[in-house]
>>> print(open('work.txt').read())   # compact mmCIF, C-alpha atoms and all ligand atoms
# COMPACT_ATOMS: atom_id res chain seq x y z
CA MET A 178 154.48 145.71 125.46
CA LYS A 179 153.45 142.26 124.37
CA LEU A 180 150.04 141.70 122.86
CA TYR A 181 148.19 138.53 121.97
CA ASN A 182 145.71 137.74 119.25
CA LEU A 183 142.24 137.24 120.72
CA LYS A 184 141.56 134.50 118.16
CA ASP A 185 144.81 132.65 118.81
CA HIS A 186 146.53 133.42 122.10
CA ASN A 187 149.75 131.82 120.80
CA GLU A 188 150.26 134.63 118.33
CA GLN A 189 152.10 137.30 120.28
CA VAL A 190 153.58 140.50 118.94
CA SER A 191 155.34 143.63 120.18
CA PHE A 192 153.61 147.00 120.16
CA SER A 193 155.65 147.99 117.07
CA GLN A 194 154.45 144.94 115.18
CA ALA A 195 150.85 145.46 116.27
CA VAL A 196 150.96 149.07 115.07
CA LYS A 197 152.30 148.06 111.67
CA GLN A 198 150.15 144.98 111.27
CA GLY A 199 146.82 146.21 112.63
CA LEU A 200 145.19 142.79 112.87
CA GLY A 201 146.50 139.32 113.65
CA LYS A 202 145.77 136.02 111.94
CA GLN A 203 142.12 135.26 111.10
CA GLN A 204 141.47 138.99 111.48
CA GLY A 205 141.98 138.64 115.25
CA LEU A 206 142.34 141.74 117.45
CA PHE A 207 145.46 142.33 119.53
CA PHE A 208 145.08 142.71 123.30
CA PRO A 209 147.72 143.62 125.96
CA LEU A 210 149.27 140.68 127.81
CA GLU A 211 149.95 142.83 130.90
CA LEU A 212 147.32 145.20 132.26
CA PRO A 213 149.23 147.81 134.27
CA GLU A 214 147.68 149.41 137.36
CA PHE A 215 148.59 152.62 139.18
CA GLU A 216 148.43 153.11 142.96
CA SER A 217 145.79 155.62 144.02
CA THR A 218 148.52 158.02 145.18
CA ASP A 219 150.04 157.81 141.67
CA ILE A 220 146.66 158.62 140.21
CA ASP A 221 146.28 161.64 142.52
CA ASN A 222 149.70 162.91 141.43
CA MET A 223 148.94 162.31 137.79
CA LEU A 224 145.70 164.26 138.02
CA GLU A 225 147.81 167.29 138.99
CA MET A 226 149.94 167.06 135.84
CA ASP A 227 149.36 168.75 132.48
CA PHE A 228 147.69 166.75 129.69
CA VAL A 229 150.80 165.76 127.75
CA SER A 230 152.99 164.91 130.80
CA ARG A 231 150.22 162.82 132.29
CA SER A 232 149.54 161.11 128.96
CA SER A 233 153.25 160.21 128.67
CA LYS A 234 153.09 158.56 132.06
CA ILE A 235 149.94 156.61 131.18
CA LEU A 236 151.30 155.36 127.86
CA ALA A 237 154.75 154.58 129.27
CA ALA A 238 153.02 152.04 131.54
CA PHE A 239 152.10 150.14 128.38
CA ILE A 240 154.81 150.88 125.83
CA GLY A 241 157.69 152.28 127.90
CA ASP A 242 159.81 149.24 126.95
CA GLU A 243 159.64 150.17 123.26
CA ILE A 244 159.93 153.95 123.28
CA THR A 245 161.89 156.34 125.49
CA HIS A 246 160.06 158.79 127.70
CA GLN A 247 161.62 161.66 125.77
CA GLN A 248 160.43 160.33 122.40
CA LEU A 249 156.98 159.60 123.76
CA SER A 250 156.60 163.12 125.15
CA GLU A 251 157.72 164.72 121.90
CA ARG A 252 155.31 162.65 119.86
CA LEU A 253 152.43 163.23 122.25
CA ASN A 254 153.16 166.94 122.09
CA ALA A 255 152.76 166.78 118.33
CA ALA A 256 149.67 164.55 118.44
CA PHE A 257 147.73 166.14 121.31
CA SER A 258 148.09 169.75 120.21
CA PHE A 259 144.55 170.78 121.15
CA PRO A 260 142.53 170.76 124.38
CA ALA A 261 139.79 168.44 125.69
CA PRO A 262 137.73 170.76 127.90
CA VAL A 263 134.95 169.69 130.28
CA LYS A 264 131.93 171.98 129.88
CA ARG A 265 129.29 172.09 132.60
CA VAL A 266 125.73 171.55 131.27
CA THR A 267 123.75 171.26 134.53
CA ASP A 268 124.65 170.94 138.22
CA ASP A 269 125.53 167.30 138.04
CA ILE A 270 126.27 166.75 134.32
CA ALA A 271 129.09 167.94 132.08
CA CYS A 272 130.31 167.23 128.56
CA LEU A 273 133.87 166.18 127.77
CA GLU A 274 134.38 167.99 124.46
CA LEU A 275 136.65 165.93 122.24
CA PHE A 276 136.09 167.94 119.07
CA HIS A 277 138.65 170.71 119.22
CA GLY A 278 141.15 169.00 116.93
CA PRO A 279 141.75 169.72 113.24
CA THR A 280 138.86 167.57 111.98
CA LEU A 281 136.45 168.34 114.81
CA ALA A 282 135.86 164.81 116.09
CA PHE A 283 137.47 162.64 118.79
CA LYS A 284 139.03 160.53 116.03
CA ASP A 285 141.78 163.17 115.84
CA PHE A 286 143.29 161.90 119.12
CA GLY A 287 143.66 158.30 117.94
CA GLY A 288 144.45 159.19 114.33
CA ARG A 289 147.21 161.63 115.18
CA PHE A 290 148.83 159.37 117.77
CA MET A 291 148.69 156.43 115.38
CA ALA A 292 150.39 158.54 112.70
CA GLN A 293 153.18 159.41 115.15
CA MET A 294 153.63 155.80 116.24
CA LEU A 295 153.57 154.42 112.71
CA GLN A 296 156.26 156.86 111.73
CA TYR A 297 158.25 156.00 114.87
CA VAL A 298 158.21 152.22 114.34
CA SER A 299 158.90 152.40 110.60
CA ASP A 300 162.33 152.45 109.07
CA SER A 301 163.17 156.04 108.16
CA GLU A 302 164.20 154.99 104.64
CA GLU A 303 161.01 153.05 104.11
CA GLN A 304 158.33 154.61 101.93
CA ILE A 305 154.86 153.96 103.39
CA THR A 306 151.59 154.26 101.53
CA ILE A 307 148.55 154.54 103.76
CA LEU A 308 145.53 153.32 101.83
CA THR A 309 142.12 153.67 103.38
CA ALA A 310 138.45 153.87 102.45
CA THR A 311 136.16 156.26 104.26
CA SER A 312 132.51 157.13 104.52
CA GLY A 313 133.47 160.51 106.00
CA ASP A 314 134.96 161.04 109.46
CA THR A 315 137.89 158.63 109.54
CA GLY A 316 139.28 159.84 106.20
CA ALA A 317 139.46 163.40 107.43
CA ALA A 318 141.21 162.44 110.67
CA VAL A 319 143.71 160.22 108.85
CA ALA A 320 144.45 162.82 106.15
CA HIS A 321 145.13 165.58 108.66
CA ALA A 322 147.12 163.28 110.95
CA PHE A 323 149.59 162.29 108.20
CA TYR A 324 149.60 165.60 106.34
CA GLY A 325 153.15 166.79 105.69
CA MET A 326 154.88 163.67 107.09
CA GLU A 327 158.00 162.65 105.21
CA ASN A 328 158.08 159.28 103.45
CA VAL A 329 154.34 158.82 103.92
CA ARG A 330 151.89 158.96 101.06
CA VAL A 331 148.21 158.81 101.94
CA VAL A 332 145.59 157.63 99.46
CA ILE A 333 141.95 157.89 100.55
CA LEU A 334 139.03 156.45 98.60
CA TYR A 335 135.51 157.70 99.16
CA PRO A 336 132.19 157.23 97.39
CA GLN A 337 131.59 160.15 95.04
CA GLY A 338 128.58 162.26 96.02
CA LYS A 339 127.86 160.19 99.14
CA ILE A 340 129.64 162.21 101.81
CA SER A 341 128.59 165.66 102.98
CA PRO A 342 130.06 168.60 101.00
CA LEU A 343 131.74 170.02 104.12
CA GLN A 344 133.27 166.67 104.99
CA GLU A 345 134.68 166.43 101.48
CA LYS A 346 136.20 169.91 101.74
CA LEU A 347 137.81 168.99 105.04
CA PHE A 348 140.16 166.36 103.57
CA CYS A 349 140.11 166.77 99.79
CA THR A 350 141.64 170.25 99.74
CA LEU A 351 144.96 169.46 101.45
CA GLY A 352 147.17 168.33 98.56
CA GLY A 353 150.85 167.57 99.32
CA ASN A 354 151.23 163.97 100.46
CA ILE A 355 147.45 163.48 100.70
CA GLN A 356 145.73 162.10 97.60
CA THR A 357 141.99 161.61 97.54
CA ILE A 358 140.01 159.59 95.03
CA ALA A 359 136.29 160.02 94.43
CA VAL A 360 135.18 156.55 93.40
CA ASP A 361 132.20 156.05 91.14
CA GLY A 362 130.48 153.61 93.52
CA ASP A 363 129.38 153.21 97.13
CA PHE A 364 131.38 152.78 100.33
CA ASP A 365 131.41 148.99 99.95
CA ALA A 366 132.98 149.37 96.49
CA CYS A 367 135.73 151.55 98.03
CA GLN A 368 136.35 149.01 100.77
CA SER A 369 136.55 146.21 98.28
CA LEU A 370 139.17 148.11 96.23
CA VAL A 371 141.27 148.57 99.36
CA LYS A 372 140.94 144.90 100.18
CA GLN A 373 142.05 143.90 96.67
CA ALA A 374 145.09 146.14 97.01
CA PHE A 375 146.09 144.45 100.28
CA ASP A 376 145.64 141.02 98.70
CA ASP A 377 148.08 141.99 95.92
CA GLU A 378 151.43 140.95 97.41
CA ALA A 379 153.55 142.56 94.66
CA LEU A 380 151.72 145.86 94.93
CA ARG A 381 151.90 145.78 98.72
CA LYS A 382 155.68 145.41 98.60
CA ALA A 383 156.22 147.90 95.79
CA VAL A 384 154.54 150.81 97.54
CA GLY A 385 154.81 149.76 101.21
CA LEU A 386 151.07 149.49 101.76
CA ASN A 387 149.80 150.03 105.26
CA SER A 388 146.28 150.52 106.57
CA ALA A 389 145.15 153.18 108.99
CA ASN A 390 142.59 150.88 110.40
CA SER A 391 140.33 151.90 113.25
CA ILE A 392 141.14 148.75 115.22
CA ASN A 393 144.82 149.68 115.50
CA ILE A 394 145.88 149.34 119.15
CA SER A 395 147.69 152.70 119.10
CA ARG A 396 144.36 154.48 118.70
CA LEU A 397 142.87 152.88 121.80
CA LEU A 398 145.92 153.70 123.90
CA ALA A 399 145.70 157.37 122.88
CA GLN A 400 142.03 157.52 123.79
CA ILE A 401 142.69 156.34 127.37
CA CYS A 402 144.41 159.67 128.00
CA TYR A 403 141.38 161.93 127.67
CA TYR A 404 139.42 160.02 130.31
CA PHE A 405 142.14 160.98 132.79
CA GLU A 406 142.06 164.54 131.45
CA ALA A 407 138.32 164.69 132.15
CA VAL A 408 138.68 163.56 135.75
CA ALA A 409 141.55 166.01 136.28
CA GLN A 410 139.18 168.88 135.47
CA LEU A 411 136.53 167.82 138.00
CA PRO A 412 136.43 169.19 141.53
CA GLN A 413 137.92 166.75 144.05
CA GLU A 414 134.57 165.90 145.69
CA ARG A 415 133.04 164.81 142.37
CA ARG A 416 135.86 162.44 141.42
CA ASN A 417 134.65 159.36 143.27
CA GLN A 418 131.03 159.53 142.16
CA LEU A 419 131.62 159.53 138.45
CA VAL A 420 129.39 157.93 135.79
CA ILE A 421 130.55 158.21 132.15
CA SER A 422 128.27 157.84 129.13
CA VAL A 423 129.90 156.96 125.81
CA PRO A 424 128.16 157.24 122.42
CA SER A 425 129.16 153.93 120.84
CA GLY A 426 129.46 152.51 117.34
CA ASN A 427 132.52 150.30 117.01
CA PHE A 428 133.01 150.46 120.80
CA GLY A 429 136.60 151.69 120.59
CA ASP A 430 135.92 154.71 122.75
CA LEU A 431 134.24 152.58 125.40
CA THR A 432 137.14 150.11 125.37
CA ALA A 433 139.56 152.98 126.02
CA GLY A 434 137.42 154.17 128.93
CA LEU A 435 137.38 150.71 130.45
CA LEU A 436 141.17 150.51 130.06
CA ALA A 437 141.41 153.83 131.94
CA LYS A 438 139.37 152.28 134.75
CA SER A 439 141.56 149.19 134.77
CA LEU A 440 144.60 151.47 135.25
CA GLY A 441 142.93 152.76 138.40
CA LEU A 442 140.96 155.80 137.27
CA PRO A 443 137.96 156.08 139.61
CA VAL A 444 134.83 155.55 137.50
CA LYS A 445 131.71 154.13 139.18
CA ARG A 446 130.17 152.88 135.97
CA PHE A 447 130.04 153.31 132.23
CA ILE A 448 126.99 153.68 130.04
CA ALA A 449 127.36 152.41 126.47
CA ALA A 450 124.86 154.46 124.49
CA THR A 451 123.82 153.30 121.02
CA ASN A 452 121.34 154.38 118.38
CA ALA A 453 118.85 151.95 116.79
CA ASN A 454 121.81 149.70 115.90
CA ASP A 455 121.42 148.04 119.27
CA THR A 456 123.26 144.70 119.07
CA VAL A 457 125.08 145.28 122.37
CA PRO A 458 122.15 146.43 124.55
CA ARG A 459 120.13 143.46 123.29
CA PHE A 460 123.05 141.13 123.96
CA LEU A 461 123.44 142.37 127.53
CA LYS A 462 119.74 141.82 128.12
CA ASN A 463 119.26 138.32 126.70
CA ASN A 464 122.82 137.06 126.20
CA GLU A 465 122.26 136.43 122.50
CA TRP A 466 124.53 138.01 119.91
CA GLN A 467 122.16 138.76 117.05
CA PRO A 468 123.23 141.65 114.83
CA ASN A 469 120.42 143.02 112.68
CA LYS A 470 120.93 144.69 109.34
CA THR A 471 122.56 148.09 109.88
CA VAL A 472 120.03 150.93 109.76
CA ALA A 473 120.76 154.55 108.85
CA THR A 474 120.19 157.04 111.69
CA LEU A 475 120.87 160.69 112.53
CA SER A 476 123.99 159.61 114.40
CA ASN A 477 125.57 158.00 111.36
CA ALA A 478 129.05 157.49 112.84
CA MET A 479 127.37 154.97 115.15
CA ASP A 480 125.56 153.06 112.41
CA VAL A 481 127.36 149.83 113.19
CA SER A 482 125.61 146.58 113.98
CA GLN A 483 128.71 144.39 114.38
CA PRO A 484 130.98 146.46 116.61
CA ASN A 485 134.62 145.60 115.87
CA ASN A 486 135.94 146.23 119.34
CA TRP A 487 133.39 144.21 121.31
CA PRO A 488 135.73 141.18 121.73
CA ARG A 489 138.17 143.52 123.47
CA VAL A 490 135.47 144.68 125.90
CA GLU A 491 134.61 141.08 126.77
CA GLU A 492 138.27 140.15 127.19
CA LEU A 493 138.89 143.05 129.55
CA TYR A 494 135.90 142.10 131.73
CA ARG A 495 137.14 138.53 131.79
CA ARG A 496 140.73 139.48 132.67
CA LYS A 497 139.66 141.90 135.43
CA THR A 498 136.92 139.56 136.67
CA TRP A 499 134.44 142.42 136.37
CA ARG A 500 130.83 141.56 135.72
CA LEU A 501 129.42 142.44 132.29
CA SER A 502 126.03 142.87 133.94
CA GLU A 503 127.41 146.05 135.54
CA LEU A 504 127.83 147.67 132.14
CA VAL A 505 124.74 149.78 131.42
CA SER A 506 123.75 149.83 127.76
CA ALA A 507 120.66 151.09 126.00
CA SER A 508 119.62 152.52 122.66
CA VAL A 509 117.94 155.78 121.68
CA ASN A 510 115.90 156.21 118.50
CA ASP A 511 115.99 159.22 116.18
CA ASP A 512 112.87 160.87 117.61
CA THR A 513 114.23 160.76 121.13
CA THR A 514 117.59 161.98 119.82
CA ARG A 515 115.92 165.04 118.29
CA ARG A 516 114.09 165.73 121.54
CA ALA A 517 117.31 165.34 123.52
CA MET A 518 119.05 167.88 121.27
CA ARG A 519 116.25 170.38 121.83
CA GLU A 520 116.29 169.80 125.60
CA LEU A 521 120.04 170.33 125.68
CA ASN A 522 119.60 173.49 123.65
CA SER A 523 117.09 174.81 126.16
CA LEU A 524 119.69 174.17 128.88
CA GLY A 525 122.03 176.41 126.89
CA TYR A 526 124.11 173.65 125.30
CA ILE A 527 124.20 173.07 121.55
CA SER A 528 124.93 169.46 120.74
CA GLU A 529 124.80 167.03 117.82
CA PRO A 530 123.07 163.65 117.57
CA HIS A 531 125.89 161.38 118.88
CA ALA A 532 126.51 163.27 122.11
CA ALA A 533 122.80 163.92 122.63
CA ILE A 534 122.18 160.15 122.77
CA ALA A 535 124.83 159.78 125.46
CA TRP A 536 123.40 162.70 127.45
CA ARG A 537 119.87 161.37 127.30
CA LEU A 538 120.77 157.97 128.75
CA LEU A 539 123.05 159.53 131.33
CA ARG A 540 120.34 161.86 132.59
CA ASP A 541 117.92 158.94 132.97
CA ASN A 542 120.45 156.73 134.74
CA LEU A 543 122.14 159.12 137.17
CA GLN A 544 121.48 158.62 140.91
CA ASP A 545 121.50 161.25 143.66
CA GLY A 546 124.99 162.30 144.65
CA GLU A 547 126.56 161.06 141.42
CA PHE A 548 128.24 163.17 138.79
CA GLY A 549 127.77 162.43 135.10
CA LEU A 550 130.04 163.01 132.13
CA PHE A 551 129.04 162.38 128.54
CA LEU A 552 131.47 162.42 125.64
CA GLY A 553 131.05 165.11 122.99
CA THR A 554 132.47 163.12 120.10
CA ALA A 555 131.97 165.65 117.26
CA HIS A 556 131.50 169.37 116.79
CA PRO A 557 127.84 170.26 116.09
CA ALA A 558 128.90 172.08 112.89
CA LYS A 559 130.07 168.76 111.45
CA PHE A 560 126.39 167.85 111.30
CA LYS A 561 125.33 171.34 110.31
CA GLU A 562 122.34 170.42 108.14
CA SER A 563 120.58 168.17 110.66
CA VAL A 564 121.48 170.27 113.72
CA GLU A 565 120.18 173.49 112.13
CA GLU A 566 116.98 171.80 111.05
CA ILE A 567 116.32 170.17 114.45
CA LEU A 568 117.16 173.24 116.53
CA GLY A 569 115.73 175.78 114.09
CA GLN A 570 118.76 178.02 114.33
CA GLN A 571 121.90 178.78 112.34
CA LEU A 572 125.30 177.48 113.41
CA VAL A 573 128.54 179.39 113.05
CA LEU A 574 131.21 177.33 111.29
CA PRO A 575 134.38 176.92 113.36
CA PRO A 576 137.59 178.14 111.65
CA ALA A 577 138.77 174.59 110.77
CA LEU A 578 135.69 174.18 108.58
CA ALA A 579 135.20 177.78 107.48
CA GLU A 580 138.73 178.11 106.14
CA ARG A 581 138.34 175.10 103.87
CA ALA A 582 134.78 175.70 102.72
CA ASP A 583 135.80 177.82 99.73
CA LEU A 584 138.91 175.90 98.63
CA SER A 585 138.69 173.81 95.50
CA LEU A 586 138.61 170.04 95.62
CA LEU A 587 141.80 168.25 94.56
CA SER A 588 140.28 164.77 94.26
CA HIS A 589 140.95 162.40 91.39
CA GLN A 590 137.98 160.60 89.85
CA MET A 591 138.06 156.88 89.33
CA ALA A 592 135.80 154.04 88.27
CA ALA A 593 135.38 151.28 90.87
CA ASP A 594 138.02 149.28 89.05
CA PHE A 595 141.04 147.68 90.68
CA SER A 596 143.37 147.93 87.67
CA ALA A 597 142.82 151.70 87.66
CA LEU A 598 143.66 151.90 91.36
CA ARG A 599 146.72 149.68 90.91
CA HIS A 600 147.98 151.89 88.12
CA PHE A 601 147.40 154.99 90.25
CA LEU A 602 149.30 153.55 93.22
CA LEU A 603 152.31 152.47 91.12
CA LYS A 604 152.59 155.83 89.39
CA LYS A 605 154.71 158.30 91.40
C1 LIG B 701 133.33 157.22 115.44
C2 LIG B 701 132.31 158.01 116.18
C3 LIG B 701 131.57 157.48 117.27
C4 LIG B 701 131.67 156.03 117.69
O1 LIG B 701 132.88 155.72 118.32
P1 LIG B 701 133.32 154.19 118.49
O2 LIG B 701 134.67 154.24 119.10
O3 LIG B 701 133.32 153.62 117.10
O4 LIG B 701 132.32 153.53 119.36
C5 LIG B 701 130.70 158.31 117.96
N1 LIG B 701 130.52 159.60 117.59
C6 LIG B 701 131.20 160.14 116.54
C7 LIG B 701 130.93 161.55 116.18
C8 LIG B 701 132.12 159.38 115.81
O5 LIG B 701 132.77 159.93 114.76
>>> encode(input="work.txt", output="structure tokens", more="lines below")
Ligand SMILES: *Cc1c(COP(=O)(O)O)cnc(C)c1O
Amino acid sequence: MKLYNLKDHNEQVSFSQAVKQGLGKQQGLFFPLELPEFESTDIDNMLEMDFVSRSSKILAAFIGDEITHQQLSERLNAAFSFPAPVKRVTDDIACLELFHGPTLAFKDFGGRFMAQMLQYVSDSEEQITILTATSGDTGAAVAHAFYGMENVRVVILYPQGKISPLQEKLFCTLGGNIQTIAVDGDFDACQSLVKQAFDDEALRKAVGLNSANSINISRLLAQICYYFEAVAQLPQERRNQLVISVPSGNFGDLTAGLLAKSLGLPVKRFIAATNANDTVPRFLKNNEWQPNKTVATLSNAMDVSQPNNWPRVEELYRRKTWRLSELVSASVNDDTTRRAMRELNSLGYISEPHAAIAWRLLRDNLQDGEFGLFLGTAHPAKFKESVEEILGQQLVLPPALAERADLSLLSHQMAADFSALRHFLLKK
């Protein structure tokens, strides 16, 4: 697969390069040169297949020239080792639950596939150091995705005392090739340390630095697969009347959904649901891109006011000659989010703030005869404190969380000081 840089169409790279590099020049995003499409009979056949076989076929349409079908299947088997069930909420609405992976959020799909692809495209002798900063969710997905992989060392920086205790337990108790550093500073300080490390050419070479960035194209490709999996679980008569609502922050999940549609998956329309960080819904209304200062909300994984993946959404609409005005987007504030969670609870479905936002907008937008799906992006127990308080009931911790809750933390402590980090990285 060839990809081009959205900021400079002359810069073209292979999939392997894009996976290793992450971003192009001037921090430009990579976008596929060819947009494959399946015939509707192909789609019907694919919807009969199992998750991994179907996913191999989808991804081969993009990267089949750089990886054999056999290799792709094996690696997808390793990456997608958990289900993505569709759970019915009401007659015409269901949730696609993407939180049954090891870190209980949809980021496991992209993180685990990226880990497989990075290993595949790297020289087997090469030592790679994955260095990343996290404010919570991404760190956990990355740590678990690379855990136990040969020749890969993972170093994750996070702001000490600023992530939830359960989140910390989830990725700071693994040990092995996963090293975690509690930095005396905030998330910005962590990000700045990572940036300094990447700017240090000698250090980069010495330890084979690589980022596990969320804009990596391999993540998006992986995420296309669960949209097909959702449709495969719907009864035949619902498949052509489908509306999908996506809780959006960096808009990676939405981009993957739109790519699924461009491959031929029948989706009538998408709803891009945001919290009070509403740059996109405002943009679609008045055509002015005016990000406000990011505000903290209950759905903190969507607290993004300058969504990284938006240029990819625009490019896809341009390439397909779709109209952006057909994309529905709106925002939901914290009060309405709380109410939505309680309403869902009274329908017998326990949800967390991100998914509840998507459900709320879906319910308001759905027309007669349509069927709605909203994405359940995280397990409610990941947001235990707020969910228990809003619903007034106790949650049971799933095994992935419960089994780590009593383990001791293995994190190193560090001042927000680059020479300390440099020393740490160079030490074996
Ligand atoms: C990351 C995340 C989102 C936002 O996904 P994007 O692809 O960044 O739009 C939504 N919900 C949860 C729980 C997340 O962790």
>>> closest_atom_pairs(input="work.txt", of="segment 302-407 of chain A", to="segment 262-276 of chain A", cutoff="10 Å", atoms="all atoms listed in the file", output="Markdown table")
| residue | atom | partner | partner_atom | distance |
| --- | --- | --- | --- | --- |
| A:Tyr403 | CA | A:Leu275 | CA | 8.2 |
| A:Tyr404 | CA | A:Leu273 | CA | 8.7 |
| A:Glu406 | CA | A:Pro262 | CA | 8.4 |
| A:Ala407 | CA | A:Val263 | CA | 6.3 |
>>> closest_residue(input="work.txt", among="A:Phe215, A:Phe601, A:Phe257, A:Phe192", to="Val298 of chain A", atoms="all atoms listed in the file")
A:Phe192
>>> closest_residue(input="work.txt", among="A:Asn452, A:Thr498, A:Thr554, A:Asn469", to="ligand LIG 701 (chain B)", atoms="all atoms listed in the file")
A:Thr554
>>> residues_around(input="work.txt", residues="Leu584 of chain A", least_positions_apart="6", cutoff="10 Å", atoms="only C-alpha atoms", output="tab-separated table (two decimals) with C-alpha atoms, in the coordinates of the input")
chain	number	residue	atom	x	y	z
A	346	LYS	CA	136.20	169.91	101.74
A	347	LEU	CA	137.81	168.99	105.04
A	349	CYS	CA	140.11	166.77	99.79
A	350	THR	CA	141.64	170.25	99.74
A	351	LEU	CA	144.96	169.46	101.45
>>> atom_distance(input="work.txt", atom1="atom N1 of ligand LIG 701 (chain B)", atom2="atom CA of Ala558 of chain A")
13.4 Å
>>> closest_atom_pairs(input="work.txt", of="chain A", to="ligand LIG 701 (chain B)", cutoff="6 Å", atoms="only C-alpha atoms and all ligand atoms", output="Markdown table")
| residue | atom | partner | partner_atom | distance |
| --- | --- | --- | --- | --- |
| A:Ala282 | CA | B:LIG701 | C7 | 5.9 |
| A:Asp314 | CA | B:LIG701 | O5 | 5.8 |
| A:Pro424 | CA | B:LIG701 | C5 | 5.2 |
| A:Ser425 | CA | B:LIG701 | O4 | 3.5 |
| A:Gly426 | CA | B:LIG701 | O4 | 3.6 |
| A:Asn427 | CA | B:LIG701 | O3 | 3.4 |
| A:Phe428 | CA | B:LIG701 | O4 | 3.5 |
| A:Gly429 | CA | B:LIG701 | O2 | 3.5 |
| A:Asp430 | CA | B:LIG701 | O2 | 3.9 |
| A:Ala478 | CA | B:LIG701 | C8 | 4.7 |
| A:Met479 | CA | B:LIG701 | C4 | 5.1 |
| A:His531 | CA | B:LIG701 | N1 | 5.1 |
| A:Thr554 | CA | B:LIG701 | C7 | 4.5 |
| A:Ala555 | CA | B:LIG701 | C7 | 4.4 |
>>> write_last_selection(input="work.txt", atoms="C-alpha atoms", output="mmCIF file, in the coordinates of the input")
data_model
loop_
_atom_site.group_PDB
_atom_site.id
_atom_site.type_symbol
_atom_site.label_atom_id
_atom_site.label_comp_id
_atom_site.auth_asym_id
_atom_site.auth_seq_id
_atom_site.Cartn_x
_atom_site.Cartn_y
_atom_site.Cartn_z
ATOM 1 C CA ALA A 282 135.860 164.810 116.090
ATOM 2 C CA ASP A 314 134.960 161.040 109.460
ATOM 3 C CA PRO A 424 128.160 157.240 122.420
ATOM 4 C CA SER A 425 129.160 153.930 120.840
ATOM 5 C CA GLY A 426 129.460 152.510 117.340
ATOM 6 C CA ASN A 427 132.520 150.300 117.010
ATOM 7 C CA PHE A 428 133.010 150.460 120.800
ATOM 8 C CA GLY A 429 136.600 151.690 120.590
ATOM 9 C CA ASP A 430 135.920 154.710 122.750
ATOM 10 C CA ALA A 478 129.050 157.490 112.840
ATOM 11 C CA MET A 479 127.370 154.970 115.150
ATOM 12 C CA HIS A 531 125.890 161.380 118.880
ATOM 13 C CA THR A 554 132.470 163.120 120.100
ATOM 14 C CA ALA A 555 131.970 165.650 117.260
#
>>> atom_distance(input="work.txt", atom1="atom CA of Val329 of chain A", atom2="atom CA of Gln304 of chain A")
6.1 Å
>>> closest_residue(input="work.txt", among="A:Leu200, A:Val408, A:Met294, A:Leu475", to="Glu251 of chain A", atoms="all atoms listed in the file")
A:Met294
>>> closest_residue(input="work.txt", among="A:Gln203, A:Asn454, A:Gln198, A:Ser369", to="His186 of chain A", atoms="all atoms listed in the file")
A:Gln203
>>> residues_around(input="work.txt", residues="Gly201 of chain A", least_positions_apart="4", cutoff="9 Å", atoms="all atoms listed in the file", output="list in words")
Tyr181, Asn182, Leu183, Lys184, Asp185, Glu188, Gln189, Val190, Ala195, Gly205, Leu206 and Phe207 of chain A
>>> atom_distance(input="work.txt", atom1="atom CA of Val444 of chain A", atom2="atom CA of Leu419 of chain A")
5.2 Å
>>> closest_atom_pairs(input="work.txt", of="segment 433-546 of chain A", to="segment 379-391 of chain A", cutoff="12 Å", atoms="all atoms listed in the file", output="CSV")
residue,atom,partner,partner_atom,distance
A:Pro484,CA,A:Ser391,CA,11.3
A:Asn485,CA,A:Ser391,CA,8.9
A:Asn486,CA,A:Ser391,CA,9.4
>>> residues_around(input="work.txt", residues="His589 of chain A", least_positions_apart="4", cutoff="8 Å", atoms="only C-alpha atoms", output="JSON, numbers by chain")
{"A": [356, 357, 358, 359]}
>>> write_last_selection(input="work.txt", atoms="C-alpha atoms", output="PDB file, keeping the file's coordinate frame")
ATOM      1  CA  GLN A 356     145.730 162.100  97.600  1.00  0.00           C
ATOM      2  CA  THR A 357     141.990 161.610  97.540  1.00  0.00           C
ATOM      3  CA  ILE A 358     140.010 159.590  95.030  1.00  0.00           C
ATOM      4  CA  ALA A 359     136.290 160.020  94.430  1.00  0.00           C
TER       5      ALA A 359
END
>>> closest_residue(input="work.txt", among="A:Met518, A:Leu578, A:Leu442, A:Val371", to="Gln418 of chain A", atoms="only C-alpha atoms")
A:Leu442
>>> closest_residue(input="work.txt", among="A:Ser482, A:Leu180, A:Arg459, A:Leu411", to="Leu210 of chain A", atoms="only C-alpha atoms")
A:Leu180
